Amino acid sequence: MDKKSTLHTLLRNEANQQPIPQGMQWENMQEGVLSKVKELDKIGTPVTGISTITTVCLFVVGLLVAGVALYLKEDSTSGEVARKDVPSHLVQYNDHQIEFNTHTNPVEIDNDRISKESFLANSANQSKTTTKADKTSTIVSNQSSNVLEKASNTENNKEALIHQQGKANSNNVEPVELETQVLVSKPLASAKVNASPSTKATKLEVVPANKTITAANTERVSIEKNAENIAFKTQFGRSSNTQIMDEMMALNHHIQSIKNEREALTFSFEAKESSYDVKPKAISNWSIGLAAGATNWSPNFKGGELADEKNRSEVGIISYGSDFSINYHFNDRWSLSSGLQYLSRESRFDHYSERDSIVQLEVTELEVNLISGELFRQRTKVEDFTAVNWTQVIHFNEYRTLSIPLMLSRKFGLIGDVYLEIGAGVKYSIWSFSTGRTVEHDLDGEMIPVVQDFDDSLYTFSHQFAALGNMHLAYQATKRVSLGLGIQADYSLNNLSLNADYTFKPSTFYGYFKTGYSF
Amino acid sequence: MVNTLIIQACKRKEHNAFKQCYEACAPYVYTIIRNYINNEDDRKDAMQEAFAHIFNSIHRFDEKKGKFKSWISQITINQCINLLKQKNKLALLVPLEEKHNPAALDELEIEGLNKALLEKLLAKMPTGYRTIFLLNLVEGYSHNEIAEILQITPETSRSQLSRAIKWMRKHYTAHLKSITYG
């Protein structure tokens, strides 16, 4: 047995039978051990290969979906706003037709005059009516004195003055009302107008209140016009149909001119509406960004032979990172950003290792007379030999940080909605954690059990204070959403190593995909 | 040491299994800790850390890949090293520039060395020397592995081991003389 084995045997044999001190019984240790286990559970196991890639891919896909959803929502919302902002009464009245009928019942009255006045009232307020205005018209029998005064101006006592007055409510939310009055010297009739917005014509039906009134009473209709209203005078009595027709034609002509005027005004109104409704909403100075990507780093040790050897043997490998940023835009070009950045860096260190093992071999000893050649004795026995196995050992070290960056950026417009943003700043790690694992293979490629799985770092790092440079190429997909790719480099300004033998100021490169949203 | 059923129950985080596992393994774990750490309070901390890490990562243990005893031994040694690092007791492992004559293990006569004496000598040995002595000669780690664990160069590891062997030889010889000559 060699000396190593002897030492191992001396120290480890019968170790199971060794007593442990009184204070280290399970009853004394239970609480501390279990609380520590819970603490380690919270830290969790290190994220490894496939799960890391899956997480990053899901995150990027999620960002893309969110970006597309925001883009679609933006488009559909802007369409709705434009449509809603057109006053409904203008839309409805565009389709109205004017019909006249010389029959006494029903009498048809055009309501376009109302729409014009309604429009004038609304346009005076520069309002954006979004409520569909119910338009109702009523004709009431009125025997009040002021109405009778107006009636006295007519040619005949039996003359009924149908006074149609378009009255638009200046309040753009309230329904537009139309009041139509039938003025008579005697109670003759009550009538109502059904003016549904969906009907193409508004029909006024005069319902006889006095059964003595017949169709013959409607032989003559006189019309009064002024700038603000249209009055129908119906003269009960004899009158020629020709005169009625002439006056109706004149009325028709007048209403047509009003309709043309209304259309012109409607056009200008819509143009005016569109001129300020379609205007884009102001973008605030704040925006946020979410990014995810891959990292690599260059372990940069300095401090003599030891550092040189570590630089030769240890190389950075691809890992992952993500960040959330909040940006304040001073103007179109300059912005200040901060947030939280989580980066993981990994390095790999390969070497070959010799591992001794005990091999038992059968040995045959011969005792021979060297002169005569006579064989005295032959003995076979089994002896222990030390065999050296070479294995490939790979150490993976991982260093994770959560940092707060502060960066000043300048934006350069390129082509169309594509722009380049270049920034510089600093960052400080508020949390850091390091871990590592070791994998060993024999030279046939067969994996030997994991030799070590470090919960703590091979290196003891302090907090990092680093200089930061960033370049970000982005496409402004909508007025609020941007998508882009970027690369960020940082260089540690302080020494991360607490080992006095060498200094350690690594550089990290972080390539990322970023989605931005402006408020 | 611990049967498969207890290990499986530990993987399910059953506290009763933890107790059985602890009671079965504590003497062995304590023996390792006692070799690396001298202070009794530190030993208790190391014991707690070692078992916490054993129970926390027991789901990673695969019986097909190795023995449970070796596995807990590695975890215990790691925790001992970590504790020594935290207490800055490995400060002696600074690479030394001066030339030295390497001492081989062959120079160390261990005939007549018993367990008690070896433990006594190890307890007196400087922490840095002792750590490398144990890692290389008892646990079987190579110098490259020791270098990685302790953040030193393999050359430093060899150098420190050589010094540890010389130290052991000197003190063992002194001990033998003290016995021989009273």
# chains A, B, ... in the order shown; residues from 1 in each chain; ligands from 1
$ residues_around --residues "Met1 of chain B" --least-positions-apart "3" --cutoff "10 Å" --atoms "only C-alpha atoms" --output "list in words"
Asn16 of chain A; Thr4, Cys21, Ala24, Cys25, Tyr28, Lys67, Phe68 and Lys69 of chain B
$ residues_around --residues "segment 12-14 of chain B" --least-positions-apart "2" --cutoff "10 Å" --atoms "only C-alpha atoms" --output "list in words"
Val37 of chain A; Ile6, Ile7, Gln8, Ala9, Cys10, Asn16, Ala17, Phe18, Lys19, Phe55, Asn56, Ile58 and His59 of chain B
$ write_last_selection --atoms "N, CA and C atoms" --output "PDB file, in the first residue's frame"
ATOM      1  N   VAL A  37     -31.402  24.992   4.668  1.00  0.00           N
ATOM      2  CA  VAL A  37     -31.919  24.317   3.459  1.00  0.00           C
ATOM      3  C   VAL A  37     -32.978  25.186   2.789  1.00  0.00           C
TER       4      VAL A  37
ATOM      5  N   ILE B   6     -33.646   5.689   2.371  1.00  0.00           N
ATOM      6  CA  ILE B   6     -33.471   6.963   3.096  1.00  0.00           C
ATOM      7  C   ILE B   6     -33.088   8.074   2.122  1.00  0.00           C
ATOM      8  N   ILE B   7     -32.224   7.730   1.172  1.00  0.00           N
ATOM      9  CA  ILE B   7     -31.825   8.740   0.175  1.00  0.00           C
ATOM     10  C   ILE B   7     -33.042   9.197  -0.624  1.00  0.00           C
ATOM     11  N   GLN B   8     -33.862   8.231  -1.025  1.00  0.00           N
ATOM     12  CA  GLN B   8     -35.069   8.599  -1.790  1.00  0.00           C
ATOM     13  C   GLN B   8     -35.984   9.487  -0.956  1.00  0.00           C
ATOM     14  N   ALA B   9     -36.112   9.144   0.326  1.00  0.00           N
ATOM     15  CA  ALA B   9     -36.971   9.954   1.205  1.00  0.00           C
ATOM     16  C   ALA B   9     -36.385  11.351   1.394  1.00  0.00           C
ATOM     17  N   CYS B  10     -35.067  11.424   1.460  1.00  0.00           N
ATOM     18  CA  CYS B  10     -34.419  12.743   1.566  1.00  0.00           C
ATOM     19  C   CYS B  10     -34.684  13.576   0.315  1.00  0.00           C
ATOM     20  N   ASN B  16     -37.988  13.377   8.596  1.00  0.00           N
ATOM     21  CA  ASN B  16     -37.582  12.182   9.335  1.00  0.00           C
ATOM     22  C   ASN B  16     -36.388  11.500   8.653  1.00  0.00           C
ATOM     23  N   ALA B  17     -36.407  11.526   7.331  1.00  0.00           N
ATOM     24  CA  ALA B  17     -35.288  10.961   6.567  1.00  0.00           C
ATOM     25  C   ALA B  17     -34.036  11.800   6.751  1.00  0.00           C
ATOM     26  N   PHE B  18     -34.225  13.115   6.820  1.00  0.00           N
ATOM     27  CA  PHE B  18     -33.083  13.997   7.084  1.00  0.00           C
ATOM     28  C   PHE B  18     -32.414  13.587   8.401  1.00  0.00           C
ATOM     29  N   LYS B  19     -33.251  13.323   9.371  1.00  0.00           N
ATOM     30  CA  LYS B  19     -32.722  12.967  10.688  1.00  0.00           C
ATOM     31  C   LYS B  19     -31.907  11.668  10.608  1.00  0.00           C
ATOM     32  N   PHE B  55     -28.529  18.143   1.916  1.00  0.00           N
ATOM     33  CA  PHE B  55     -29.977  17.964   1.796  1.00  0.00           C
ATOM     34  C   PHE B  55     -30.557  18.780   0.635  1.00  0.00           C
ATOM     35  N   ASN B  56     -29.963  19.942   0.427  1.00  0.00           N
ATOM     36  CA  ASN B  56     -30.498  20.798  -0.645  1.00  0.00           C
ATOM     37  C   ASN B  56     -30.217  20.239  -2.036  1.00  0.00           C
ATOM     38  N   ILE B  58     -29.396  16.962  -2.719  1.00  0.00           N
ATOM     39  CA  ILE B  58     -29.405  15.493  -2.745  1.00  0.00           C
ATOM     40  C   ILE B  58     -30.145  14.954  -3.973  1.00  0.00           C
ATOM     41  N   HIS B  59     -31.043  15.787  -4.542  1.00  0.00           N
ATOM     42  CA  HIS B  59     -31.744  15.336  -5.755  1.00  0.00           C
ATOM     43  C   HIS B  59     -30.781  15.156  -6.933  1.00  0.00           C
TER      44      HIS B  59
END
$ closest_atom_pairs --of "chain A" --to "chain B" --cutoff "6 Å" --atoms "only C-alpha atoms" --output "CSV"
residue,atom,partner,partner_atom,distance
A:Lys4,CA,B:Leu137,CA,5.2
A:His8,CA,B:Val138,CA,4.7
A:Leu10,CA,B:Lys115,CA,5.1
A:Ala15,CA,B:Tyr28,CA,4.9
A:Asn16,CA,B:Tyr28,CA,4.9
A:Gln18,CA,B:Pro27,CA,5.4
A:Ile20,CA,B:Pro27,CA,5.7
A:Val33,CA,B:Ala52,CA,5.1
A:Lys36,CA,B:Ala52,CA,5.7
A:Val37,CA,B:Ala52,CA,5.0
A:Pro449,CA,B:Lys65,CA,5.3
$ residues_around --residues "segment 477-494 of chain A" --least-positions-apart "2" --cutoff "6 Å" --atoms "only C-alpha atoms" --output "VMD selection string"
chain A and resid 465 to 475 505 to 518
$ atom_distance --atom1 "atom CA of Arg437 of chain A" --atom2 "atom CA of Pro299 of chain A"
17.3 Å
